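Participant: Below is the structure I would like to discuss, written out as C-alpha cells.
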Amino acid sequence: MRIRFTKMQGAGNDFVVLDETQGRLGLTPAQYRFLADRHFGVGADQILTVRPSPAEGLDFEYVIHNADGGEVEHCGNGARCFVRYVHDKGLSERNPLRVKVKNGTIELQRLADGRVTVDMGAPVFDHARVPFEAQGLTPERLGQFERWPLALDGGITVPVAVVSMGNPHAVLRVDDVDTAPVAQWGPLIEGHARFPRRVNAGFLQVVDRATVKLRVYERGAGETLACGTGACAAVVAGIRLGWLDDRVDVHTRGGLLTIAWTPTPSLDQPVMMTGPATPVFEGEIDLPDLT
C-alpha cells in the first residue's frame with residue numbers, strides 16, 4: 001500500500017502525520033512501527049492521524065500512535081503540529097479548533113507568530129485515573145502535593161510526583177538534567193509495576209520560579225527531544241509542590257515551551273501550552289503488508 005505523509009516537528013519532537021479525513025487507511029500496529037522506524041521507514045516519535053469530526057461541536061478527531069505501534073491518549077507537541085497541518089492543507093480555516101482525542105477534547109489556537117497554543121485540559125490527580133497503584137506507600141508531603149517513593153532495581157528509591165495530562169506522568173526533580181541518569185532510570189520508571197499502563201518519566205531541573213529544564217523518557221518512544229504533556233505535567237507538579245509560579249518557560253533539548261496553569265482550590269483549570277509547530281517534508285512511502 002502506498003500512502004502520502006507529512007513529516008513535522010514541534011520543539012524537536014517529530015511526527016509522521018497522516019490524513020484519514022477521506023477514509024481509513026486501516027494500518028496495523030506493525031505498520032505504525034514501520035513508519036516510525038528511523039532506518040526502514042520515515043522515522044518519528046509518534047504517528048498522528050487526522051480523522052473527520054465524530055460529533056457535533058468538534059472539528060476533527062486526532063489519533064496518536066507511539067513508535068512502538070501502540071495507541072496513546074495524548075501528545076501535546078503533536079497537537080500543535082495537528083493544527084498547523086489542517087490549516088496548511090486547507091482542511092479547515094477555523095481558529096481555534098476543537099478536536100477529539102482518546103480521553104476527551106482539546107482546543108487548539110494558532111497564533112499570528114506561527115506558534116500554537118493548546119488547551120491541554122485540566123490535570124488529573126486521581127490515582128485510579130492516572131493510573132497509579134499507591135497502596136502500601138507513604139508519600140512525602142510538600143507544598144500542596146506529594147511525592148511517592150518509587151523503588152527501582154538496584155536498591156534505588158526515587159521520589160516522584162504523579163499526574164495525568166490525559167496520559168500518565170511521573171516527575172522526578174534532579175539537580176542537573178544534563179547529568180541525570182535518564183537512560184538508566186527512564187526505562188525502570190516507564191515500566192514500573194505501580195503504573196499498570198506504563199508511564200512517561202520526567203526529569204525536572206528547576207532553574208528559578210519561572211524557568212525549568214526538562215528531559216522526558218516517553219512511554220513507548222524512549223527519550224525524545226521534547227514532550228508537551230510532559231512539560232505540562234512537570235510544571236503542574238512543580239507549582240503544586242511550591243517550586244514554581246503559574247507561568248513557566250520549559251527548556252527542552254528540542255526547544256522552548258511555555259506552560260501556564262492556575263492552581264484553583266478545585267484544581268480544574270486547564271493547562272495552556274504554547275510552542276512551535278514546523279513542517280519538515282512531505283512524501284510517499286510503500287508500506288509492506290505487516291500484521
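Here's how to read the names in the C-alpha cells: chain A, B, ... by the order shown, residue numbers from 1 in each chain, ligand numbers from 1 in the order shown.
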Leaving out region 240-253 of chain A and any residue of its chain fewer than 2 positions from it, which residues lie within 6 Å of it when counting only C-alpha atoms, given as number ranges by chain?
Facilitator: A: 142-145, 209-214, 225-226, 237-238, 255-262
Participant: Give me, as a CSV table (one decimal) with N, CA and C atoms, in the first residue's frame, all polymer residues having an atom no more than 12 Å from Ala193 (chain A), counting only C-alpha atoms and skipping those fewer than 5 positions away in the same chain.
Facilitator:
chain,number,residue,atom,x,y,z
A,131,PRO,N,-3.3,5.6,35.4
A,131,PRO,CA,-3.5,5.0,36.7
A,131,PRO,C,-2.1,4.8,37.4
A,132,PHE,N,-2.2,4.8,38.8
A,132,PHE,CA,-1.1,4.6,39.7
A,132,PHE,C,-1.5,3.8,40.9
A,133,GLU,N,-0.8,2.8,41.2
A,133,GLU,CA,-1.1,2.0,42.4
A,133,GLU,C,-0.2,2.4,43.6
A,134,ALA,N,-0.8,3.1,44.5
A,134,ALA,CA,0.0,3.7,45.6
A,134,ALA,C,-0.2,2.9,46.9
A,135,GLN,N,-0.9,1.8,46.9
A,135,GLN,CA,-1.1,1.0,48.1
A,135,GLN,C,0.2,0.6,48.7
A,150,LEU,N,9.4,5.6,44.8
A,150,LEU,CA,9.3,4.5,43.8
A,150,LEU,C,10.6,3.7,43.8
A,151,ALA,N,10.5,2.5,44.2
A,151,ALA,CA,11.7,1.6,44.3
A,151,ALA,C,12.0,1.1,42.9
A,152,LEU,N,13.3,1.3,42.6
A,152,LEU,CA,13.8,0.8,41.3
A,152,LEU,C,14.8,-0.3,41.5
A,153,ASP,N,15.1,-1.0,40.4
A,153,ASP,CA,16.1,-2.1,40.5
A,153,ASP,C,17.4,-1.5,41.0
A,187,PRO,N,13.8,3.8,31.6
A,187,PRO,CA,13.1,2.6,31.4
A,187,PRO,C,12.5,1.9,32.6
A,188,LEU,N,13.2,2.1,33.8
A,188,LEU,CA,12.8,1.5,35.0
A,188,LEU,C,11.5,2.1,35.5
A,198,ARG,N,2.0,1.7,32.1
A,198,ARG,CA,3.3,2.3,32.0
A,198,ARG,C,3.2,3.8,32.2
A,199,VAL,N,4.3,4.5,32.1
A,199,VAL,CA,4.3,6.0,32.5
A,199,VAL,C,5.4,6.7,31.7
Participant: Rank A:Asp126, A:Glu218, A:Asp19, A:Glu146 by their smallest atom-to-atom distance to Asp68 (chain A), using only C-alpha atoms, and report the top residue only.
Facilitator: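 Once distances to Asp68 (chain A) are computed over only C-alpha atoms, the minimum belongs to A:Glu218.
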Participant: Pick out the residues sitting within 7 Å of Gln46 (chain A), and hand them over as a list in words; count only C-alpha atoms, and ignore anything fewer than 2 positions along from it in its own chain.
Facilitator: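 So the residues in contact are Asp14, Phe15, Val16, Ala36, Ala44, Leu48, Ile64, His65, Asn66 and Ala67 of chain A.
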Participant: Write out, as an mmCIF file, in the first residue's frame, the residues just selected, with N, CA, C and O atoms.
Facilitator:
data_model
loop_
_atom_site.group_PDB
_atom_site.id
_atom_site.type_symbol
_atom_site.label_atom_id
_atom_site.label_comp_id
_atom_site.auth_asym_id
_atom_site.auth_seq_id
_atom_site.Cartn_x
_atom_site.Cartn_y
_atom_site.Cartn_z
ATOM 1 N N ASP A 14 9.304 14.693 16.887
ATOM 2 C CA ASP A 14 8.961 14.587 15.474
ATOM 3 C C ASP A 14 7.865 13.565 15.212
ATOM 4 O O ASP A 14 7.704 12.588 15.936
ATOM 5 N N PHE A 15 7.130 13.828 14.130
ATOM 6 C CA PHE A 15 5.894 13.106 13.842
ATOM 7 C C PHE A 15 5.756 12.819 12.354
ATOM 8 O O PHE A 15 6.212 13.593 11.508
ATOM 9 N N VAL A 16 5.092 11.708 12.056
ATOM 10 C CA VAL A 16 4.543 11.449 10.732
ATOM 11 C C VAL A 16 3.046 11.724 10.827
ATOM 12 O O VAL A 16 2.360 11.166 11.689
ATOM 13 N N ALA A 36 7.458 4.626 11.863
ATOM 14 C CA ALA A 36 8.258 5.316 12.868
ATOM 15 C C ALA A 36 9.728 4.913 12.836
ATOM 16 O O ALA A 36 10.575 5.634 13.376
ATOM 17 N N ALA A 44 10.023 8.667 13.312
ATOM 18 C CA ALA A 44 9.223 9.590 14.116
ATOM 19 C C ALA A 44 9.105 9.071 15.535
ATOM 20 O O ALA A 44 9.245 7.873 15.796
ATOM 21 N N LEU A 48 0.704 10.661 13.864
ATOM 22 C CA LEU A 48 -0.512 11.424 14.116
ATOM 23 C C LEU A 48 -1.479 11.231 12.954
ATOM 24 O O LEU A 48 -1.077 11.335 11.790
ATOM 25 N N ILE A 64 -3.281 9.180 18.005
ATOM 26 C CA ILE A 64 -1.831 9.150 18.193
ATOM 27 C C ILE A 64 -1.369 7.715 18.408
ATOM 28 O O ILE A 64 -1.919 6.996 19.247
ATOM 29 N N HIS A 65 -0.347 7.312 17.653
ATOM 30 C CA HIS A 65 0.319 6.030 17.889
ATOM 31 C C HIS A 65 1.797 6.290 18.185
ATOM 32 O O HIS A 65 2.456 7.060 17.476
ATOM 33 N N ASN A 66 2.308 5.636 19.224
ATOM 34 C CA ASN A 66 3.713 5.738 19.559
ATOM 35 C C ASN A 66 4.566 4.947 18.573
ATOM 36 O O ASN A 66 4.062 4.155 17.771
ATOM 37 N N ALA A 67 5.859 5.136 18.688
ATOM 38 C CA ALA A 67 6.786 4.446 17.799
ATOM 39 C C ALA A 67 6.724 2.932 17.948
ATOM 40 O O ALA A 67 7.116 2.202 17.033
#
Participant: Give me every strand (DSSP E or B) residue in region 42-264 of chain A, going by DSSP on the backbone, as a ChimeraX atom specification.
Facilitator: /A:46-52,60-66,71-72,97-101,104-110,116-119,124,140-142,145-152,156-164,168-173,200-208,211-218,222-224,247-252,255-260
Participant: Generate a file of the selected residues that holds C-alpha atoms, formatted as a PDB file, in the first residue's frame.
Facilitator:
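What ended up in selection.pdb:
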ATOM      1  CA  GLN A  46       4.731   9.328  17.075  1.00  0.00           C
ATOM      2  CA  ILE A  47       2.327   8.855  14.179  1.00  0.00           C
ATOM      3  CA  LEU A  48      -0.512  11.424  14.116  1.00  0.00           C
ATOM      4  CA  THR A  49      -3.728  10.754  12.225  1.00  0.00           C
ATOM      5  CA  VAL A  50      -6.300  13.380  11.199  1.00  0.00           C
ATOM      6  CA  ARG A  51      -9.863  11.997  11.084  1.00  0.00           C
ATOM      7  CA  PRO A  52     -13.258  13.654  10.446  1.00  0.00           C
ATOM      8  CA  PHE A  60     -11.702  16.717  13.874  1.00  0.00           C
ATOM      9  CA  GLU A  61     -10.603  13.577  15.650  1.00  0.00           C
ATOM     10  CA  TYR A  62      -6.892  13.285  16.443  1.00  0.00           C
ATOM     11  CA  VAL A  63      -5.365   9.808  16.914  1.00  0.00           C
ATOM     12  CA  ILE A  64      -1.831   9.150  18.193  1.00  0.00           C
ATOM     13  CA  HIS A  65       0.319   6.030  17.889  1.00  0.00           C
ATOM     14  CA  ASN A  66       3.713   5.738  19.559  1.00  0.00           C
ATOM     15  CA  GLU A  71      -2.228   3.948  20.552  1.00  0.00           C
ATOM     16  CA  VAL A  72      -1.876   6.545  23.307  1.00  0.00           C
ATOM     17  CA  LEU A  97     -10.200  24.225  16.646  1.00  0.00           C
ATOM     18  CA  ARG A  98     -11.944  21.739  18.929  1.00  0.00           C
ATOM     19  CA  VAL A  99     -10.576  18.240  18.496  1.00  0.00           C
ATOM     20  CA  LYS A 100     -11.434  14.844  19.946  1.00  0.00           C
ATOM     21  CA  VAL A 101      -8.594  12.842  21.466  1.00  0.00           C
ATOM     22  CA  GLY A 104     -11.734  13.793  25.768  1.00  0.00           C
ATOM     23  CA  THR A 105     -11.472  17.014  23.748  1.00  0.00           C
ATOM     24  CA  ILE A 106      -8.849  19.734  23.424  1.00  0.00           C
ATOM     25  CA  GLU A 107      -8.848  23.241  21.950  1.00  0.00           C
ATOM     26  CA  LEU A 108      -6.060  24.446  19.660  1.00  0.00           C
ATOM     27  CA  GLN A 109      -5.314  28.023  18.573  1.00  0.00           C
ATOM     28  CA  ARG A 110      -2.737  29.147  16.033  1.00  0.00           C
ATOM     29  CA  VAL A 116       0.280  27.304  18.584  1.00  0.00           C
ATOM     30  CA  THR A 117      -1.436  27.431  21.969  1.00  0.00           C
ATOM     31  CA  VAL A 118      -3.133  24.253  23.101  1.00  0.00           C
ATOM     32  CA  ASP A 119      -5.742  23.986  25.840  1.00  0.00           C
ATOM     33  CA  VAL A 124      -5.771  14.592  36.688  1.00  0.00           C
ATOM     34  CA  GLU A 140       6.308  12.887  51.297  1.00  0.00           C
ATOM     35  CA  ARG A 141       4.044  15.922  51.628  1.00  0.00           C
ATOM     36  CA  LEU A 142       5.493  19.050  50.048  1.00  0.00           C
ATOM     37  CA  PHE A 145       1.136  17.932  46.750  1.00  0.00           C
ATOM     38  CA  GLU A 146       3.074  14.770  47.467  1.00  0.00           C
ATOM     39  CA  ARG A 147       5.987  12.750  46.144  1.00  0.00           C
ATOM     40  CA  TRP A 148       5.801   8.968  46.166  1.00  0.00           C
ATOM     41  CA  PRO A 149       8.788   6.700  46.854  1.00  0.00           C
ATOM     42  CA  LEU A 150       9.303   4.523  43.785  1.00  0.00           C
ATOM     43  CA  ALA A 151      11.656   1.584  44.310  1.00  0.00           C
ATOM     44  CA  LEU A 152      13.820   0.829  41.274  1.00  0.00           C
ATOM     45  CA  ILE A 156      17.400   2.805  44.434  1.00  0.00           C
ATOM     46  CA  THR A 157      14.287   4.689  45.547  1.00  0.00           C
ATOM     47  CA  VAL A 158      13.285   7.905  43.783  1.00  0.00           C
ATOM     48  CA  PRO A 159      10.567  10.407  44.857  1.00  0.00           C
ATOM     49  CA  VAL A 160       8.116  11.059  42.034  1.00  0.00           C
ATOM     50  CA  ALA A 161       5.099  13.341  41.670  1.00  0.00           C
ATOM     51  CA  VAL A 162       2.288  11.583  39.820  1.00  0.00           C
ATOM     52  CA  VAL A 163      -0.125  13.360  37.465  1.00  0.00           C
ATOM     53  CA  SER A 164      -2.001  12.654  34.246  1.00  0.00           C
ATOM     54  CA  PRO A 168       0.383   9.254  32.866  1.00  0.00           C
ATOM     55  CA  HIS A 169       3.487  11.069  34.100  1.00  0.00           C
ATOM     56  CA  ALA A 170       5.958  10.556  36.938  1.00  0.00           C
ATOM     57  CA  VAL A 171       8.014  13.690  37.614  1.00  0.00           C
ATOM     58  CA  LEU A 172      11.393  13.476  39.345  1.00  0.00           C
ATOM     59  CA  ARG A 173      13.357  16.583  40.353  1.00  0.00           C
ATOM     60  CA  ASN A 200       6.237   8.869  30.986  1.00  0.00           C
ATOM     61  CA  ALA A 201       9.252   9.645  33.183  1.00  0.00           C
ATOM     62  CA  GLY A 202      10.085  13.351  33.531  1.00  0.00           C
ATOM     63  CA  PHE A 203      13.446  14.605  34.828  1.00  0.00           C
ATOM     64  CA  LEU A 204      12.951  18.202  36.011  1.00  0.00           C
ATOM     65  CA  GLN A 205      15.612  20.779  36.844  1.00  0.00           C
ATOM     66  CA  VAL A 206      14.283  23.955  38.471  1.00  0.00           C
ATOM     67  CA  VAL A 207      16.367  26.971  37.378  1.00  0.00           C
ATOM     68  CA  ASP A 208      14.123  29.582  39.035  1.00  0.00           C
ATOM     69  CA  THR A 211      12.268  28.640  34.290  1.00  0.00           C
ATOM     70  CA  VAL A 212      12.956  24.911  34.189  1.00  0.00           C
ATOM     71  CA  LYS A 213      14.871  22.394  32.116  1.00  0.00           C
ATOM     72  CA  LEU A 214      13.264  19.075  31.281  1.00  0.00           C
ATOM     73  CA  ARG A 215      14.075  15.704  29.770  1.00  0.00           C
ATOM     74  CA  VAL A 216      11.389  13.054  29.309  1.00  0.00           C
ATOM     75  CA  TYR A 217      11.691   9.323  28.738  1.00  0.00           C
ATOM     76  CA  GLU A 218       8.435   8.695  26.924  1.00  0.00           C
ATOM     77  CA  GLY A 222      12.246   6.387  24.707  1.00  0.00           C
ATOM     78  CA  GLU A 223      13.789   9.778  25.365  1.00  0.00           C
ATOM     79  CA  THR A 224      12.513  12.436  22.971  1.00  0.00           C
ATOM     80  CA  ARG A 247       3.695  30.643  34.065  1.00  0.00           C
ATOM     81  CA  VAL A 248       6.906  28.779  33.276  1.00  0.00           C
ATOM     82  CA  ASP A 249       9.336  28.546  30.363  1.00  0.00           C
ATOM     83  CA  VAL A 250      10.320  24.919  29.839  1.00  0.00           C
ATOM     84  CA  HIS A 251      13.637  24.395  28.069  1.00  0.00           C
ATOM     85  CA  THR A 252      13.759  21.008  26.376  1.00  0.00           C
ATOM     86  CA  GLY A 255      13.274  23.950  22.029  1.00  0.00           C
ATOM     87  CA  LEU A 256      11.204  26.179  24.285  1.00  0.00           C
ATOM     88  CA  LEU A 257       7.661  25.537  25.506  1.00  0.00           C
ATOM     89  CA  THR A 258       5.678  27.932  27.695  1.00  0.00           C
ATOM     90  CA  ILE A 259       3.234  26.409  30.181  1.00  0.00           C
ATOM     91  CA  ALA A 260       0.610  28.314  32.181  1.00  0.00           C
TER      92      ALA A 260
END
Participant: Interatomic distance between CA of Thr28 (chain A) and CA of Thr291 (chain A)?
Facilitator: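 Result for CA of Thr28 (chain A) versus CA of Thr291 (chain A): 6.0 Å, one decimal.
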Participant: Can you list, as a ChimeraX atom specification, every residue of region 103-185 of chain A that DSSP puts in helix (DSSP H, G or I)?
Facilitator: /A:182-185
Participant: Using Å and a single decimal, report how far CA of Leu35 (chain A) sits from CA of Asp286 (chain A).
Facilitator: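 So the two atoms, CA of Asp286 (chain A) and CA of Leu35 (chain A), lie 9.8 Å apart.
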Participant: Using only C-alpha atoms, can you tell me which of A:Asp37, A:Glu73, A:Glu20, A:Glu56 comes closest to Leu91 (chain A)?
Facilitator: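 Going through A:Asp37, A:Glu73, A:Glu20, A:Glu56 one by one, the smallest distance to Leu91 (chain A) is for A:Glu20.
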Participant: Check the smallest atom-to-atom distance from each of A:Gly12, A:Pro54, A:Gly166, A:Pro123 to Thr278 (chain A) using only C-alpha atoms, then report the winner.
Facilitator: A:Gly12
